[in-house]
Every structure is written in structure tokens, then in C-alpha cells.
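Beneath this line is the structure, given in C-alpha cells, with notes to follow.
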Amino acid sequence: MSVVCGAECFLAVGCLRWLWKRCTYVGGDDSATWPQATAAEFDSVPHLCRIILAVYEEDLHHPKSPPLGGYRLNPNFVYKRVTYQETSGQAPPYLIYLDHDRKEIVLAIRGLNLKKESDYKLLLNNRLGMQMFDGGYVHHGLLKSAIWLLNKESENLKHLWLENGACYKMVFVGHSLGSGVAALLTVIVVNHRDRLGGIPRDLVRCFALAPARCMSLNLAVKYADVIYSVVLQDDFLPRTATPLEDIFKSIFCLPCLIFLVCLRDTFIPEGRKLKDPRRLYAPGRIYHIVERKFCRCGRYPPEVRTAIPVDGRFEHIVLSSHATADHAIIWIHREAEKALNLMKEKSSETMTTAPTVQKFERLQSIEKEHKDALERAVTLNIPHAVDANENEDEDENEPQESLSASTDSEDQSSADKLTSKHQDLGDIGGGRDTSTTKSEPGETKWDILVERLFERSDSGKFKARKDININTSDT
């Protein structure tokens, strides 16, 4: 009898300890050891938030719901606006903004629309381990959407970049659902930069706001030099390892789902999570905006912490009443702008060296952080992790062929061969409208380029190819 009572007491104490740790865990704990970001590297985040908010407006000359302080955008810089009717459900609405003031070409993709069935279909088009890509795993539906968008807009982006002196940055930004599309689109672009006029890698950037978990850990770390995720305090989406399709199936009981996921993840060892190559993560370098403290009421002056975490990469669900509110783009914009203003004030008060010297030193530390993260991923035996030296070699040896003037018959032959070779993968680039299925000579077929990242192994399964020739004219 005493043994049973002892066991019950032990179990009760264990449950109380778990409950205490979960209830006292706050979003700021995820980044407690991270260094603070600088104003220079975070400067564009509030501006990009406003561009995403502009996607919701029908006419920027006469905005209906401007954010606090207004959009501060030039309506004449809007190059193109695409609505749900024009995307035919293949991608969320987006906007191309030619920012001459900042010398940037911005492709902004809006977040999930709870009223649109096409957005749910995009999220539901995935299964765990369904889509292999570039040596890792990605969300299948989001990858399809990224390919569709590139088929639709790559020529416009290339034209804008070349027309403006081939010196503008190309920035892809998305919120929630759009963040996953933007991140995977960026991965494709940096691997095939010659298709956009040969744009250098250091001129390509992606900002994923309230990011969806869309790529495996090795890819999230590998592309941390070009993809930046921004997370506001307790946001549930970057922390929820449950597949997106399961989350939004349960959208009307989201608090219940968050609690059950929190309970389940407690009993999964950290090593097991890291060793699963199919597990998806928030992409790239992470900027964490922290503005609430444990057992404190209200919002405090926000601070921004940044790192490229490998282990402990937002693995814990936060049981907070703000878990869903922190996902909203309007709150991300407000807190990001507050944080940026505070960083500028502090930097002006404590400035002891020239701004150019500070910027150069920060760039060096960012590069070092990326190399350290790549090495740590290898040390922890993350599946398919790439070490720093190998990653540098890939960048240096990356093929940069110019577009070949291949004939329609050659392109069609290449497409037919690839379709038969990869038929088990499914139609990755499927669902394109008729205006993009037939391309003019010299245009890029992005679905073909993506399919060429795979080859069939001796066992008949598909695996990522390490040595690929991305010239679409040779077969």
C-alpha cells in the first residue's frame, strides 16, 4: 500500500512540476541568451510590414485602413498588384513595389485569409516527409505556390532589376502563409540566380514575418544568410511543430490544440526531434521581439534579440493569451517600429565609433554566427547538414550560365523526360494557369529547374542531387 501511495505522490509531484514549468514559461525564455540586434540590420522590418499591409488595400492613393502613422509609401512605386482572382488560388495575393528610395525591388505576399478556401487547400497540400528539396524537406503546397509565383513573375523581376542598373536589392517578404511561400521562393532564386539576370547572392533577401515552419533544420540553417524570420514574443505558429495542415483543420479549437501539442512535445526527447529530417522549422536567422515579462502586466519597451539557433529553435509552445494575437501583422508592425526607434535612440546616445565601422563589424559578426551555426549543425549530426567550408565551396562553384536560346521543341523534350523520370514525385509545378504552361523561347521553366534537384537512387527512391546542371536546354 505504501508503495502505491509513494508512486502516486511521485506522479503528482511530477505533474505539478511540469504544470509549473509550462505555466511559467514565457516567450522571452526562447531567446534569453541571444545578443541584441542593431538598428541597421532591423531597419527595414517596419517598412516591409507596411508594404505587406498595403497588399490588403485596393488603392494606396485612398487607403481604407492605414496603420498607425500611415503607410509612408509612394503609391506610384507600386509596379503590380495581384488579387485572388488573378492567382486562381495558386498563391496568396501579392504586390511588387519598386522602392527607388531604398533601392529595393520588393515582392510582398499577404498572410492567410480565413475566408478563402484556396488558402486552406494550399496548407493542406502536404504530408510529413512528402516533399524532398535541396537536401532536406519542405512544405509541398508552399513549394508549389512558390514555383507558380516564379513562373508568373520572374521575367518581371528580372526586367526591373536590369532596368534599374542591376544594383537594386531583391527583397521577398511574406506574413504567415505568405512567409513560407517567400522563404521557399528565395531558396529557389539563390540557387538559380542567373535566371534573374545574374543577381549576386548578397543582393537577395527574404523576411518571413510570423513565419510558418516550412523547411527542415539543415535548410533553415544553410540559408540563414539570406532568410530572416521575425517573431513577436509568444506567436504560436513558429513554435508549433504540428504540420500546418493539422493546425488549420483545428483552427476553431486552437487553444485546445496548442495545449495538446505542448503536452505531447514534453515527452519527445530533444535529440529525437533534431534527428528527424522531416521535421520542419522556421527558416533562417531569427529576430525575436520581446515586450512582455513573467508576472508583469502590460507591454514593456520592446527589445529585439537575434541568433541562428540550431538546438532549442522555438521548440516550446507558450501557454499565453497572446499566442494568437502576436501572430497579427498589425501588432508585429507596431512593436517592430517601437523597437527600432528605441534602438536608434540608444545607438545615438552610446555611439563611440563611426557608424561605418560599426556596420562593418556587425557584418563580420553576422557571417561568423552563420558559420558557427553550420558547424554546430554538423556537430549535432543534423541530417544532411552542410559544414561551413562546403557551403562556401557551393557558393563559389555555383553555376552561373546565361539563359540559352533553346527551341520550344528542346524545352518540351526536356520537360517530357523529366516528367517521366520524376513521376513518383507528383506534379510539383502543377496547377499553373494556361498563360504560364507555355513559355516563350528563353523563358525559365521553374518547375523543371526544381525537379532537377532530384535523382533516383539505386533503390528507386528519389534523393537530392549534389552535382546538377541547371541549363534547361541540355537533356
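Labeling convention for the C-alpha cells: chains A, B, ... as they appear, residues from 1 per chain, ligands from 1 in order of appearance.
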For region 49-51 of chain A, please output as an MDAnalysis selection string all residues within 12 Å (counting only C-alpha atoms; exclusion window: fewer than 5 positions along the same chain).
chainID A and resid 42:44 56:57 60 65:75 77:78 81 94:99 105:111 171:176 179 207:210 230 328:337
If you run DSSP on this backbone, which residues of region 43-192 of chain A come out as helix (DSSP H, G or I), and could you give them as a PyMOL selection string?
chain A and resi 44-55+75-77+84-87+117-124+140-163+177-191
Nearest to Gln131 (chain A): which of A:Ala37, A:Lys144, A:Gly89, A:Pro283 is it, counting only C-alpha atoms?
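Using only C-alpha atoms, Gln131 (chain A) sits closest to A:Lys144.
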Excluding Asn126 (chain A) and residues on its chain fewer than 6 positions from it, collect all residues at most 7 Å away from it, counting only C-alpha atoms, and give them as a short mmCIF file (atom, residue, chain, number, x, y, z; two decimals) with C-alpha atoms, in the first residue's frame.
```cif
data_model
loop_
_atom_site.label_atom_id
_atom_site.label_comp_id
_atom_site.auth_asym_id
_atom_site.auth_seq_id
_atom_site.Cartn_x
_atom_site.Cartn_y
_atom_site.Cartn_z
CA HIS A 139 6.17 22.00 -47.28
CA HIS A 140 4.82 20.65 -50.58
CA GLY A 141 1.94 23.09 -51.06
#
```
Between A:Leu185, A:Val386, A:Val138, A:Cys167, which is the closest to Ala282 (chain A) once you count only C-alpha atoms?
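Comparing A:Leu185, A:Val386, A:Val138, A:Cys167 against Ala282 (chain A), the winner is A:Val138.
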Would you work out the distance separating CA of Leu142 (chain A) from CA of Trp446 (chain A), expressed in Å to one decimal?
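Going from CA of Leu142 (chain A) over to CA of Trp446 (chain A) covers 14.3 Å.
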I'd like the contact shell of Asp235 (chain A) - 9 Å cut-off, only C-alpha atoms, skipping same-chain residues fewer than 5 positions apart - returned as a list in words.
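What passes the distance filter is Gly27, Ala210, Ile317, Val318, His322, Ala323, Thr324, Ala325, Asp326, His327 and Ala328 of chain A.
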Closest of A:Val221, A:Val45, A:Ala91, A:Val231 to Ile382 (chain A) - atom-to-atom distances counting only C-alpha atoms:
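Comparing A:Val221, A:Val45, A:Ala91, A:Val231 against Ile382 (chain A), the winner is A:Val221.
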